[in-house]
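Enquirer: Here it is, the structure, as structure tokens.
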Amino acid sequence: MAVRVMVVDDHPMWRDGVARDLAAAGYDVVATTGEGRQAVRIAGAARPDVVVLDLQLPDVSGVEVINGLLEAVPGVRVLMLSASGEQQSVLDAVKAGASGYLLKSAAQAEFLDAVARTAAGDTVFTPGLAGLVLGEFRRLAVEPAGDDAMAPKLTERETEVLRLVAKGLSYRQIAERLVLSHRTVQNHVQNTLGKLQLHNRVELTRYAIEKGLD
């Protein structure tokens, strides 16, 4: 079945163009809208797998929309598509639960690849933004004394894989980087999810950036 995508952007020409590109690439565009509140209202019925969401909307912020979408459609993946690459904007979106953040200056092929990777459960960032997010979380993270002693113990290899997951690399890319098989990387990720009591790669990425892993 085709991946179901909803497009939320308040610029009609841009929104329609993105929807056309997605449809031409084989995605099922189940809804488009230019308003955040309407996006949350219709998401429950449209049941998208991925929402391509602009950060700046006329009625509510993109961050508020992320929160509403995750409540309306548990498990939905949100890919921010924004003209703003400001550090705080990226950080706020990731903290709210966005799976990735892509600048509108991205090429069509890069955008379509980002949607595919988001649908597959990867975290996706415009080059340079992943490091920005990791650095900011590392700076802000202040752990109460004793947390590290109680934290689940990961092996050196699991920690290495976790760092690369946090940077947005796919399983294939991680396997190539570490000279491992695709299945071995998957096993490391699944073991890490189990140890940390997390459910998916998005949660794993947020854990990694909160811990300042890079």
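Just so we're on the same page: first chain in the structure tokens is A, next is B, and so on; residues restart at 1 for each chain, and ligands are numbered from 1 in the order they show up.
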Between stretch 35-97 of chain A and stretch 177-200 of chain A, at 12 Å or less, what are the per-residue closest atom pairs and their distances in Å? Count only C-alpha atoms, order by chain and rising residue number, and return it as JSON lines.
Expert:
{"residue": "A:Gly75", "atom": "CA", "partner": "A:Asn200", "partner_atom": "CA", "distance": 9.5}
{"residue": "A:Val76", "atom": "CA", "partner": "A:Asn200", "partner_atom": "CA", "distance": 11.8}
{"residue": "A:Arg77", "atom": "CA", "partner": "A:Asn200", "partner_atom": "CA", "distance": 11.1}
Enquirer: Check stretch 32-93 of chain A with DSSP on the backbone and list each residue it calls helix (DSSP H, G or I), as a list in words.
Expert: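 Answer for stretch 32-93 of chain A, restricted to helix (DSSP H, G or I): Gly36, Arg37, Gln38, Ala39, Val40, Arg41, Ile42, Ala43, Gly44, Ala45, Ala46, Gly62, Val63, Glu64, Val65, Ile66, Asn67, Gly68, Leu69, Leu70, Glu71, Ala72, Gln87, Gln88, Ser89, Val90, Leu91, Asp92 and Ala93 of chain A.
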Enquirer: Taking only C-alpha atoms into account, which of A:Ala72, A:Leu112, A:Ser170, A:Ala175 comes nearest A:Arg157?
Expert: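 That would be A:Ala175, the residue with the smallest distance to A:Arg157.
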Enquirer: Would you mind telling me which residue in A:Gln88, A:Thr33, A:Gln108, A:Ser99 lies nearest to A:Asp21 when using only C-alpha atoms?
Expert: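 The closest residue to A:Asp21 is A:Gln108.
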Enquirer: For each of A:Val73, A:Leu103, A:Val115, A:Ala83, take the minimum atom-to-atom distance to A:His11, counting only C-alpha atoms, then give the residue where this is smallest.
Expert: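 Of the candidates, the smallest distance to A:His11 is held by A:Ala83.
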Enquirer: Excluding stretch 25-30 of chain A and residues on its chain fewer than 6 positions from it, collect all residues at most 8 Å away from it, counting only C-alpha atoms, and give them as a count of residues only.
Expert: 10
Enquirer: Compile the contact shell of A:Ala96 as an MDAnalysis selection string: residues with an atom at most 12 Å away, counting only C-alpha atoms, same-chain residues fewer than 2 positions apart removed.
Expert: chainID A and resid 55 61:71 77:80 89:94 98:100 202:203 206
Enquirer: Store the residues picked out above in a file with N, CA, C and O atoms, as a tab-separated table (two decimals), in the first residue's frame.
Expert:
chain	number	residue	atom	x	y	z
A	55	LEU	N	6.54	25.08	9.50
A	55	LEU	CA	6.67	25.55	10.87
A	55	LEU	C	5.80	26.77	11.14
A	55	LEU	O	5.20	26.91	12.20
A	61	SER	N	1.23	27.72	15.93
A	61	SER	CA	2.59	27.37	15.56
A	61	SER	C	2.69	25.91	15.14
A	61	SER	O	1.86	25.08	15.52
A	62	GLY	N	3.72	25.63	14.37
A	62	GLY	CA	3.95	24.26	13.96
A	62	GLY	C	4.16	23.33	15.13
A	62	GLY	O	3.77	22.16	15.09
A	63	VAL	N	4.79	23.84	16.18
A	63	VAL	CA	5.03	23.02	17.37
A	63	VAL	C	3.70	22.59	18.00
A	63	VAL	O	3.53	21.43	18.40
A	64	GLU	N	2.73	23.51	18.08
A	64	GLU	CA	1.42	23.15	18.61
A	64	GLU	C	0.74	22.11	17.73
A	64	GLU	O	0.06	21.20	18.22
A	65	VAL	N	0.93	22.24	16.42
A	65	VAL	CA	0.33	21.29	15.49
A	65	VAL	C	0.95	19.90	15.69
A	65	VAL	O	0.23	18.89	15.66
A	66	ILE	N	2.25	19.84	15.89
A	66	ILE	CA	2.91	18.55	16.14
A	66	ILE	C	2.26	17.86	17.34
A	66	ILE	O	1.90	16.68	17.28
A	67	ASN	N	2.10	18.60	18.42
A	67	ASN	CA	1.49	18.03	19.61
A	67	ASN	C	0.09	17.50	19.32
A	67	ASN	O	-0.29	16.40	19.74
A	68	GLY	N	-0.70	18.28	18.59
A	68	GLY	CA	-2.06	17.87	18.26
A	68	GLY	C	-2.10	16.66	17.35
A	68	GLY	O	-2.93	15.76	17.53
A	69	LEU	N	-1.19	16.61	16.37
A	69	LEU	CA	-1.15	15.48	15.44
A	69	LEU	C	-0.79	14.19	16.16
A	69	LEU	O	-1.38	13.13	15.89
A	70	LEU	N	0.17	14.26	17.06
A	70	LEU	CA	0.60	13.05	17.76
A	70	LEU	C	-0.50	12.52	18.68
A	70	LEU	O	-0.56	11.31	18.94
A	71	GLU	N	-1.35	13.42	19.16
A	71	GLU	CA	-2.50	12.98	19.95
A	71	GLU	C	-3.59	12.39	19.07
A	71	GLU	O	-4.21	11.39	19.41
A	77	ARG	N	4.25	10.21	11.75
A	77	ARG	CA	5.60	10.79	11.68
A	77	ARG	C	5.50	12.16	11.03
A	77	ARG	O	4.84	12.31	10.00
A	78	VAL	N	6.13	13.13	11.64
A	78	VAL	CA	6.03	14.51	11.18
A	78	VAL	C	7.36	14.98	10.64
A	78	VAL	O	8.38	14.98	11.36
A	79	LEU	N	7.37	15.38	9.38
A	79	LEU	CA	8.56	15.94	8.74
A	79	LEU	C	8.35	17.44	8.57
A	79	LEU	O	7.46	17.86	7.84
A	80	MET	N	9.13	18.24	9.28
A	80	MET	CA	9.03	19.68	9.14
A	80	MET	C	9.67	20.10	7.83
A	80	MET	O	10.77	19.66	7.48
A	89	SER	N	14.11	27.13	16.34
A	89	SER	CA	13.00	26.54	15.60
A	89	SER	C	13.19	25.04	15.43
A	89	SER	O	12.27	24.25	15.63
A	90	VAL	N	14.41	24.65	15.05
A	90	VAL	CA	14.71	23.23	14.86
A	90	VAL	C	14.60	22.49	16.18
A	90	VAL	O	13.98	21.43	16.28
A	91	LEU	N	15.17	23.07	17.22
A	91	LEU	CA	15.17	22.44	18.54
A	91	LEU	C	13.76	22.25	19.06
A	91	LEU	O	13.40	21.18	19.56
A	92	ASP	N	12.92	23.28	18.93
A	92	ASP	CA	11.54	23.19	19.42
A	92	ASP	C	10.76	22.10	18.69
A	92	ASP	O	9.98	21.38	19.30
A	93	ALA	N	10.98	22.00	17.38
A	93	ALA	CA	10.26	20.99	16.59
A	93	ALA	C	10.66	19.58	17.02
A	93	ALA	O	9.80	18.70	17.17
A	94	VAL	N	11.94	19.35	17.21
A	94	VAL	CA	12.40	18.02	17.61
A	94	VAL	C	11.91	17.67	19.01
A	94	VAL	O	11.45	16.55	19.27
A	98	ALA	N	8.86	16.00	16.29
A	98	ALA	CA	9.07	15.88	14.84
A	98	ALA	C	10.12	14.82	14.55
A	98	ALA	O	11.10	14.69	15.27
A	99	SER	N	9.90	14.06	13.47
A	99	SER	CA	10.85	13.02	13.07
A	99	SER	C	12.01	13.58	12.28
A	99	SER	O	13.05	12.93	12.15
A	100	GLY	N	11.84	14.78	11.73
A	100	GLY	CA	12.91	15.36	10.93
A	100	GLY	C	12.62	16.80	10.60
A	100	GLY	O	11.53	17.32	10.87
A	202	VAL	N	12.51	7.16	16.48
A	202	VAL	CA	12.32	8.57	16.84
A	202	VAL	C	12.58	8.76	18.34
A	202	VAL	O	13.28	9.68	18.75
A	203	GLU	N	12.01	7.87	19.17
A	203	GLU	CA	12.25	7.94	20.60
A	203	GLU	C	13.73	7.72	20.91
A	203	GLU	O	14.30	8.36	21.80
A	206	ARG	N	15.64	10.90	20.19
A	206	ARG	CA	15.46	11.91	21.23
A	206	ARG	C	16.27	11.55	22.48
A	206	ARG	O	16.85	12.42	23.13
Enquirer: One number please: atom CA of A:Val161 to atom CA of A:Lys211, in Å, one decimal.
Expert: 14.2 Å
Enquirer: Running DSSP on the backbone, which parts of stretch 14-119 of chain A land in strand (DSSP E), as a list in words?
Expert: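 Of stretch 14-119 of chain A, the ones in strand (DSSP E) are Asp28, Val29, Val30, Ala31, Thr32, Thr33, Val50, Val51, Val52, Leu53, Arg77, Val78, Leu79, Met80, Leu81, Ser82, Gly100, Tyr101, Leu102 and Leu103 of chain A.
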Enquirer: Using atom CA of A:Leu169 and atom CA of A:Gly17 as the two end points, give the distance in Å to one decimal.
Expert: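 A separation of 27.5 Å between them.
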Enquirer: Suppose you want the space between atom CA of A:Val60 and atom CA of A:Gly36; what is it in Å?
Expert: 5.8 Å
Enquirer: Excluding A:Thr126 and any residue of its chain fewer than 3 positions from it, enumerate the residues within 10 Å of it, using only C-alpha atoms, and give them as a VMD selection string.
Expert: chain A and resid 81 85 100 to 106 110 to 111 114 129 to 130 168
Enquirer: Residues of the last selection are to be written out with N, CA, C and O atoms, as a PDB file, in the first residue's frame.
Expert:
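Output below, filename out34.pdb:
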ATOM      1  N   LEU A  81       8.999  20.978   7.105  1.00  0.00           N
ATOM      2  CA  LEU A  81       9.524  21.537   5.864  1.00  0.00           C
ATOM      3  C   LEU A  81       9.402  23.045   6.007  1.00  0.00           C
ATOM      4  O   LEU A  81       8.304  23.594   5.895  1.00  0.00           O
ATOM      5  N   GLY A  85      15.883  27.954   9.294  1.00  0.00           N
ATOM      6  CA  GLY A  85      16.844  27.008   9.844  1.00  0.00           C
ATOM      7  C   GLY A  85      17.391  27.489  11.168  1.00  0.00           C
ATOM      8  O   GLY A  85      18.454  27.049  11.608  1.00  0.00           O
ATOM      9  N   GLY A 100      11.845  14.776  11.726  1.00  0.00           N
ATOM     10  CA  GLY A 100      12.910  15.362  10.929  1.00  0.00           C
ATOM     11  C   GLY A 100      12.621  16.803  10.603  1.00  0.00           C
ATOM     12  O   GLY A 100      11.529  17.322  10.865  1.00  0.00           O
ATOM     13  N   TYR A 101      13.617  17.464  10.021  1.00  0.00           N
ATOM     14  CA  TYR A 101      13.513  18.891   9.731  1.00  0.00           C
ATOM     15  C   TYR A 101      14.280  19.160   8.445  1.00  0.00           C
ATOM     16  O   TYR A 101      15.488  18.965   8.384  1.00  0.00           O
ATOM     17  N   LEU A 102      13.561  19.590   7.429  1.00  0.00           N
ATOM     18  CA  LEU A 102      14.151  19.829   6.119  1.00  0.00           C
ATOM     19  C   LEU A 102      13.876  21.272   5.708  1.00  0.00           C
ATOM     20  O   LEU A 102      12.759  21.765   5.879  1.00  0.00           O
ATOM     21  N   LEU A 103      14.882  21.938   5.179  1.00  0.00           N
ATOM     22  CA  LEU A 103      14.688  23.303   4.708  1.00  0.00           C
ATOM     23  C   LEU A 103      14.025  23.305   3.333  1.00  0.00           C
ATOM     24  O   LEU A 103      14.232  22.394   2.525  1.00  0.00           O
ATOM     25  N   LYS A 104      13.242  24.345   3.074  1.00  0.00           N
ATOM     26  CA  LYS A 104      12.540  24.432   1.795  1.00  0.00           C
ATOM     27  C   LYS A 104      13.481  24.640   0.617  1.00  0.00           C
ATOM     28  O   LYS A 104      13.061  24.535  -0.536  1.00  0.00           O
ATOM     29  N   SER A 105      14.724  24.940   0.899  1.00  0.00           N
ATOM     30  CA  SER A 105      15.711  25.074  -0.170  1.00  0.00           C
ATOM     31  C   SER A 105      16.187  23.719  -0.690  1.00  0.00           C
ATOM     32  O   SER A 105      16.952  23.648  -1.660  1.00  0.00           O
ATOM     33  N   ALA A 106      15.717  22.637  -0.075  1.00  0.00           N
ATOM     34  CA  ALA A 106      16.121  21.285  -0.502  1.00  0.00           C
ATOM     35  C   ALA A 106      15.645  21.007  -1.923  1.00  0.00           C
ATOM     36  O   ALA A 106      14.591  21.478  -2.348  1.00  0.00           O
ATOM     37  N   GLU A 110      15.905  15.374  -2.860  1.00  0.00           N
ATOM     38  CA  GLU A 110      16.226  15.319  -1.439  1.00  0.00           C
ATOM     39  C   GLU A 110      14.947  15.288  -0.598  1.00  0.00           C
ATOM     40  O   GLU A 110      14.861  14.559   0.390  1.00  0.00           O
ATOM     41  N   PHE A 111      13.946  16.060  -1.013  1.00  0.00           N
ATOM     42  CA  PHE A 111      12.678  16.088  -0.298  1.00  0.00           C
ATOM     43  C   PHE A 111      11.985  14.730  -0.372  1.00  0.00           C
ATOM     44  O   PHE A 111      11.537  14.199   0.653  1.00  0.00           O
ATOM     45  N   ALA A 114      13.634  12.299   1.773  1.00  0.00           N
ATOM     46  CA  ALA A 114      13.358  12.568   3.183  1.00  0.00           C
ATOM     47  C   ALA A 114      11.997  12.020   3.590  1.00  0.00           C
ATOM     48  O   ALA A 114      11.843  11.467   4.689  1.00  0.00           O
ATOM     49  N   LEU A 129      21.990  20.463  10.270  1.00  0.00           N
ATOM     50  CA  LEU A 129      21.038  20.677  11.354  1.00  0.00           C
ATOM     51  C   LEU A 129      21.137  19.597  12.424  1.00  0.00           C
ATOM     52  O   LEU A 129      20.870  19.851  13.595  1.00  0.00           O
ATOM     53  N   ALA A 130      21.505  18.376  12.041  1.00  0.00           N
ATOM     54  CA  ALA A 130      21.615  17.309  13.033  1.00  0.00           C
ATOM     55  C   ALA A 130      22.678  17.662  14.075  1.00  0.00           C
ATOM     56  O   ALA A 130      22.462  17.536  15.279  1.00  0.00           O
ATOM     57  N   GLY A 168      20.809  10.748  12.126  1.00  0.00           N
ATOM     58  CA  GLY A 168      19.868  10.591  11.030  1.00  0.00           C
ATOM     59  C   GLY A 168      20.289   9.594   9.968  1.00  0.00           C
ATOM     60  O   GLY A 168      19.659   9.528   8.909  1.00  0.00           O
TER      61      GLY A 168
END
Enquirer: Rank nothing, just name the residue among A:Lys153, A:Ala45, A:Ser82, A:Lys95 nearest to A:Trp14, using only C-alpha atoms.
Expert: A:Ser82
